[in-house]
file my_file23.txt (compact mmCIF, C-alpha atoms)
# COMPACT_ATOMS: atom_id res chain seq x y z
CA MET A 1 -2.21 -8.11 5.02
CA GLU A 2 -3.36 -7.54 1.47
CA GLY A 3 -2.36 -9.25 -1.75
CA SER A 4 -1.59 -12.72 -3.04
CA LYS A 5 2.15 -12.06 -3.35
CA ILE A 6 2.65 -11.02 0.26
CA LEU A 7 0.43 -13.86 1.47
CA ASP A 8 2.52 -16.26 -0.58
CA GLU A 9 5.71 -14.81 0.92
CA ALA A 10 4.27 -15.17 4.41
CA MET A 11 3.62 -18.86 3.82
CA ARG A 12 7.07 -19.33 2.30
CA GLY A 13 8.49 -17.77 5.45
CA GLY A 14 6.59 -20.22 7.63
CA ALA A 15 4.09 -17.72 9.08
CA GLU A 16 0.82 -19.04 10.47
CA VAL A 17 -2.12 -17.84 8.39
CA LEU A 18 -5.24 -17.64 10.55
CA ASP A 19 -7.88 -16.32 8.14
CA VAL A 20 -7.98 -15.61 4.42
CA PHE A 21 -10.57 -13.36 2.76
CA ALA A 22 -11.25 -13.86 -0.93
CA ALA A 23 -13.09 -11.52 -3.29
CA PRO A 24 -14.70 -13.09 -6.40
CA ASP A 25 -11.60 -12.49 -8.55
CA ALA A 26 -9.09 -13.79 -5.99
CA ASP A 27 -6.12 -16.00 -6.89
CA ASP A 28 -7.65 -19.29 -5.78
CA ARG A 29 -4.29 -21.11 -5.82
CA VAL A 30 -2.89 -18.98 -2.99
CA VAL A 31 -6.19 -19.03 -1.11
CA GLU A 32 -6.40 -22.82 -1.24
CA GLN A 33 -2.77 -23.12 -0.21
CA ALA A 34 -3.53 -21.06 2.88
CA VAL A 35 -6.61 -23.18 3.61
CA GLY A 36 -4.50 -26.30 3.23
CA ARG A 37 -2.27 -24.96 6.00
CA GLY A 38 -5.20 -24.54 8.36
CA ALA A 39 -6.50 -21.04 7.56
CA ARG A 40 -10.20 -20.32 7.69
CA ARG A 41 -11.57 -19.21 4.32
CA HIS A 42 -14.08 -16.36 4.00
CA ASP A 43 -15.57 -15.71 0.56
CA LEU A 44 -16.64 -12.09 0.14
CA ALA A 45 -19.20 -10.53 -2.18
CA GLN A 46 -17.99 -8.01 -4.74
CA GLY A 47 -17.20 -4.66 -3.13
CA VAL A 48 -16.92 -5.84 0.46
CA LEU A 49 -13.11 -5.84 0.58
CA GLU A 50 -13.02 -2.31 -0.80
CA ARG A 51 -15.01 -1.11 2.24
CA VAL A 52 -12.74 -2.63 4.88
CA ALA A 53 -9.25 -2.71 3.31
CA ASP A 54 -6.51 -0.23 4.12
CA THR A 55 -5.86 0.73 0.50
CA VAL A 56 -8.15 2.61 -1.90
CA THR A 57 -8.03 -0.12 -4.54
CA PRO A 58 -7.22 -3.30 -2.63
CA GLN A 59 -6.09 -6.54 -4.14
CA PRO A 60 -8.71 -9.32 -4.10
CA VAL A 61 -7.06 -11.31 -1.29
CA ALA A 62 -6.52 -10.32 2.33
CA ALA A 63 -5.42 -12.35 5.30
CA ILE A 64 -4.79 -12.32 9.02
CA VAL A 65 -1.40 -13.76 9.90
CA ALA A 66 0.12 -14.39 13.32
CA ASN A 67 2.97 -12.13 14.41
CA VAL A 68 6.40 -13.53 13.61
CA ASP A 69 8.65 -11.55 15.95
CA ILE A 70 11.17 -13.34 18.11
CA ASP A 71 12.86 -12.68 21.45
CA LEU A 72 16.01 -10.56 21.39
CA GLU A 73 18.03 -13.52 22.61
CA GLY A 74 17.34 -15.22 19.28
CA LEU A 75 19.70 -12.76 17.58
CA ARG A 76 22.70 -13.42 19.80
CA THR A 77 24.75 -15.15 17.07
CA ALA A 78 23.92 -12.72 14.25
CA GLU A 79 26.87 -11.09 12.50
CA LEU A 80 24.92 -8.00 11.38
CA LEU A 81 21.91 -6.45 13.10
CA VAL A 82 19.87 -3.39 12.20
CA VAL A 83 18.43 -1.48 15.16
CA CYS A 84 15.64 1.04 14.50
CA VAL A 85 15.25 3.78 17.09
CA ASP A 86 12.23 6.06 16.69
CA VAL A 87 11.86 5.30 12.97
CA ARG A 88 8.34 6.60 12.40
CA ASP A 89 7.50 6.15 8.73
CA PRO A 90 6.08 2.71 7.83
CA GLY A 91 7.47 2.95 4.30
CA ASN A 92 10.94 3.54 5.69
CA LEU A 93 10.71 0.58 8.06
CA GLY A 94 9.45 -1.60 5.22
CA THR A 95 12.45 -0.56 3.14
CA VAL A 96 14.79 -1.33 6.05
CA LEU A 97 13.30 -4.82 6.28
CA ARG A 98 13.81 -5.38 2.54
CA VAL A 99 17.38 -4.14 2.77
CA ALA A 100 18.12 -6.33 5.78
CA GLU A 101 16.88 -9.46 4.05
CA SER A 102 18.55 -8.78 0.71
CA SER A 103 21.92 -7.88 2.25
CA GLY A 104 21.99 -10.91 4.52
CA ALA A 105 21.55 -9.16 7.86
CA GLY A 106 20.82 -11.47 10.76
CA GLY A 107 17.88 -9.50 12.13
CA VAL A 108 16.05 -6.22 12.62
CA ILE A 109 15.21 -4.79 16.03
CA CYS A 110 12.31 -2.30 16.09
CA CYS A 111 12.71 -0.57 19.43
CA GLU A 112 9.86 1.02 21.38
CA GLY A 113 8.89 4.31 19.74
CA SER A 114 9.34 3.07 16.19
CA VAL A 115 6.39 2.44 13.89
CA ASP A 116 4.61 -0.90 14.27
CA ALA A 117 6.37 -3.54 12.17
CA TYR A 118 2.94 -5.11 11.56
CA SER A 119 1.07 -2.02 10.39
CA PRO A 120 -0.52 -2.63 6.97
CA LYS A 121 1.71 -0.03 5.30
CA THR A 122 4.89 -1.52 6.77
CA VAL A 123 3.87 -5.03 5.70
CA ARG A 124 3.21 -3.83 2.15
CA ALA A 125 6.45 -1.83 1.98
CA SER A 126 8.47 -4.82 3.16
CA ALA A 127 7.27 -6.77 0.07
CA GLY A 128 7.33 -9.97 2.12
CA SER A 129 10.73 -9.45 3.73
CA LEU A 130 9.04 -9.19 7.13
CA PHE A 131 8.61 -12.97 6.92
CA HIS A 132 12.16 -13.77 5.79
CA VAL A 133 14.35 -11.82 8.21
CA PRO A 134 14.19 -12.27 12.00
CA VAL A 135 12.37 -9.34 13.65
CA VAL A 136 12.34 -8.25 17.28
CA ALA A 137 9.40 -5.96 18.01
CA GLY A 138 9.86 -3.76 21.07
CA GLY A 139 12.46 -3.14 23.71
CA GLU A 140 13.62 0.12 25.31
CA PRO A 141 16.52 1.40 23.13
CA LEU A 142 19.12 1.80 25.90
CA GLU A 143 18.32 -1.62 27.30
CA VAL A 144 18.55 -3.20 23.84
CA LEU A 145 21.93 -1.60 23.14
CA ASP A 146 23.26 -2.57 26.56
CA ARG A 147 22.22 -6.17 26.07
CA ILE A 148 23.66 -6.62 22.59
CA GLY A 149 26.81 -4.81 23.70
CA ARG A 150 27.29 -7.48 26.35
CA TRP A 151 27.28 -10.03 23.54
CA GLY A 152 30.36 -8.35 22.10
CA VAL A 153 28.48 -6.69 19.23
CA HIS A 154 30.03 -3.44 17.95
CA ARG A 155 27.24 -0.85 18.11
CA VAL A 156 27.56 1.73 15.34
CA GLY A 157 25.16 4.64 15.05
CA THR A 158 24.47 6.79 12.00
CA ASP A 159 25.27 10.49 12.00
CA ALA A 160 24.80 12.75 9.00
CA HIS A 161 28.00 14.72 9.59
CA ARG A 162 30.10 13.76 12.62
CA GLY A 163 30.91 10.08 12.13
CA VAL A 164 33.71 8.15 10.46
CA ALA A 165 33.27 7.55 6.72
CA TYR A 166 31.27 4.34 6.37
CA ASP A 167 33.79 2.66 4.07
CA ALA A 168 36.60 3.28 6.58
CA VAL A 169 34.88 1.26 9.33
CA ASP A 170 35.35 -2.48 9.80
CA LEU A 171 31.88 -3.91 9.35
CA THR A 172 33.01 -7.53 9.25
CA VAL A 173 33.03 -7.90 13.03
CA PRO A 174 29.68 -8.58 14.73
CA THR A 175 27.96 -5.23 14.20
CA ALA A 176 24.69 -3.51 15.03
CA LEU A 177 23.82 -0.59 12.75
CA VAL A 178 21.70 1.81 14.79
CA LEU A 179 19.33 3.99 12.76
CA GLY A 180 17.59 7.02 14.24
CA ASN A 181 14.54 9.18 13.63
CA GLU A 182 14.02 10.55 10.12
CA ALA A 183 14.05 14.18 11.23
CA HIS A 184 16.16 14.22 14.40
CA GLY A 185 18.53 11.27 14.14
CA LEU A 186 19.70 9.54 17.30
CA PRO A 187 19.28 11.23 20.70
CA GLN A 188 22.51 12.26 22.41
CA ALA A 189 21.79 10.03 25.41
CA LEU A 190 21.78 7.05 23.07
CA THR A 191 24.79 8.16 21.05
CA ASP A 192 26.85 8.24 24.26
CA GLU A 193 26.24 4.50 24.67
CA LEU A 194 27.46 3.56 21.19
CA ASP A 195 30.87 2.20 20.23
CA GLY A 196 31.10 4.62 17.29
CA THR A 197 29.24 6.53 14.60
CA VAL A 198 29.45 6.42 10.82
CA THR A 199 28.70 9.01 8.17
CA ILE A 200 27.89 8.62 4.49
CA PRO A 201 29.89 11.43 2.82
CA MET A 202 27.78 13.48 0.44
CA VAL A 203 28.36 16.28 -2.05
CA GLY A 204 25.91 18.90 -3.23
CA ARG A 205 23.19 20.46 -1.12
CA THR A 206 21.70 17.28 0.34
CA GLU A 207 21.98 17.26 4.13
CA SER A 208 21.09 13.64 4.78
CA LEU A 209 19.74 10.48 3.20
CA ASN A 210 16.39 8.82 3.76
CA VAL A 211 16.80 6.29 6.57
CA GLY A 212 15.96 3.41 4.22
CA MET A 213 18.59 4.55 1.73
CA ALA A 214 21.16 4.95 4.49
CA ALA A 215 20.40 1.43 5.68
CA ALA A 216 20.95 0.13 2.15
CA VAL A 217 24.35 1.81 1.79
CA LEU A 218 25.58 0.53 5.15
CA CYS A 219 24.16 -2.99 4.99
CA PHE A 220 25.52 -3.63 1.51
CA GLU A 221 28.90 -2.16 2.50
CA SER A 222 28.99 -4.73 5.29
CA ALA A 223 28.07 -7.45 2.80
CA ARG A 224 30.81 -6.24 0.43
CA GLN A 225 33.43 -6.30 3.17
CA ARG A 226 32.40 -9.80 4.24
CA ARG A 227 32.60 -11.08 0.66
CA ALA A 228 36.09 -9.56 0.32
CA GLN A 229 37.22 -11.65 3.30
CA GLN A 230 36.09 -14.91 1.78
CA PRO A 231 38.72 -17.05 0.05
CA ARG A 232 38.49 -17.20 -3.72
call {"tool": "encode", "arguments": {"input": "my_file23.txt", "output": "structure tokens"}}
result
Amino acid sequence: MEGSKILDEAMRGGAEVLDVFAAPDADDRVVEQAVGRGARRHDLAQGVLERVADTVTPQPVAAIVANVDIDLEGLRTAELLVVCVDVRDPGNLGTVLRVAESSGAGGVICCEGSVDAYSPKTVRASAGSLFHVPVVAGGEPLEVLDRIGRWGVHRVGTDAHRGVAYDAVDLTVPTALVLGNEAHGLPQALTDELDGTVTIPMVGRTESLNVGMAAAVLCFESARQRRAQQPR
């Protein structure tokens, strides 16, 4: 990972920092905090980080952090899950992670075929949320849906046109929002295993929303419905 802010968020989230690499103008406070937690410090000469980093103009701190994914069973009691099926763009997955954390979702499941939750671009796009929302990395989609369905979770897929309007669906029950591929959506074989599909009604010429935007609309609608149930 690159950057003091994301490294700081990783430590706040309890992630294990293995190594920290500091350029001459690094934020020494964050570097020393990582060292204090057991990380190995590597001081780099000017220009070294630019040759090995993923970005063109990297920040002066980089780190290696242990994966933080959990087993699927760890999400059994979650009230709202987000399941990513064949989501390929790392920026989109990063946005989904940010949305999940900020809306109070109980976890994100990145099924086999989706982009790596730990790719540098995904980590950056998550802005640290990767370390603050439970993440399951892997799992064959049909097997994942079957397992969470046995928990009594209502599995709701997204469909650009053929689902029920999202604000007409009860999202206060234990729910898994199932998001599909950016270009092709969810495969029919998977849709047949769902308990329902939802659509975000749109006007104008737009055919569909970016998967990250769709996740935001649905997750915050669930949060709104749950708040409305709470006594005042």
call {"tool": "atom_distance", "arguments": {"input": "my_file23.txt", "atom1": "atom CA of Leu80 of chain A", "atom2": "atom CA of Arg147 of chain A"}}
result
15.0 Å
call {"tool": "atom_distance", "arguments": {"input": "my_file23.txt", "atom1": "atom CA of Pro134 of chain A", "atom2": "atom CA of Leu18 of chain A"}}
result
20.2 Å
call {"tool": "residues_around", "arguments": {"input": "my_file23.txt", "residues": "Ile200 of chain A", "least_positions_apart": "6", "cutoff": "7 Å", "atoms": "all atoms listed in the file", "output": "list in words"}}
result
Ala160, Ala165 and Tyr166 of chain A
call {"tool": "atom_distance", "arguments": {"input": "my_file23.txt", "atom1": "atom CA of Gln46 of chain A", "atom2": "atom CA of Ala26 of chain A"}}
result
10.7 Å
call {"tool": "residues_around", "arguments": {"input": "my_file23.txt", "residues": "segment 183-185 of chain A", "least_positions_apart": "4", "cutoff": "8 Å", "atoms": "only C-alpha atoms", "output": "PyMOL selection string"}}
result
chain A and resi 158-159+179
call {"tool": "residues_around", "arguments": {"input": "my_file23.txt", "residues": "Arg162 of chain A", "least_positions_apart": "5", "cutoff": "9 Å", "atoms": "only C-alpha atoms", "output": "list in words"}}
result
Thr197, Val198 and Thr199 of chain A
call {"tool": "write_last_selection", "arguments": {"input": "my_file23.txt", "atoms": "C-alpha atoms", "output": "PDB file, keeping the file's coordinate frame"}}
result
ATOM      1  CA  THR A 197      29.240   6.530  14.600  1.00  0.00           C
ATOM      2  CA  VAL A 198      29.450   6.420  10.820  1.00  0.00           C
ATOM      3  CA  THR A 199      28.700   9.010   8.170  1.00  0.00           C
TER       4      THR A 199
END
call {"tool": "closest_residue", "arguments": {"input": "my_file23.txt", "among": "A:Asp192, A:Glu16, A:Asp146, A:Glu221", "to": "Val169 of chain A", "atoms": "all atoms listed in the file"}}
result
A:Glu221
call {"tool": "closest_residue", "arguments": {"input": "my_file23.txt", "among": "A:Gly163, A:Gly104, A:Gly113, A:Gly138", "to": "Arg226 of chain A", "atoms": "all atoms listed in the file"}}
result
A:Gly104
call {"tool": "residues_near_point", "arguments": {"input": "my_file23.txt", "point": "(19.6, 10.1, 21.8)", "cutoff": "10 Å", "atoms": "only C-alpha atoms", "output": "list of chain:residue names"}}
result
A:Val85, A:Asp86, A:Pro141, A:Leu142, A:Gly180, A:Asn181, A:His184, A:Gly185, A:Leu186, A:Pro187, A:Gln188, A:Ala189, A:Leu190, A:Thr191, A:Asp192, A:Glu193
call {"tool": "closest_residue", "arguments": {"input": "my_file23.txt", "among": "A:Val164, A:Leu97, A:Cys110, A:Leu72", "to": "Ser126 of chain A", "atoms": "all atoms listed in the file"}}
result
A:Leu97
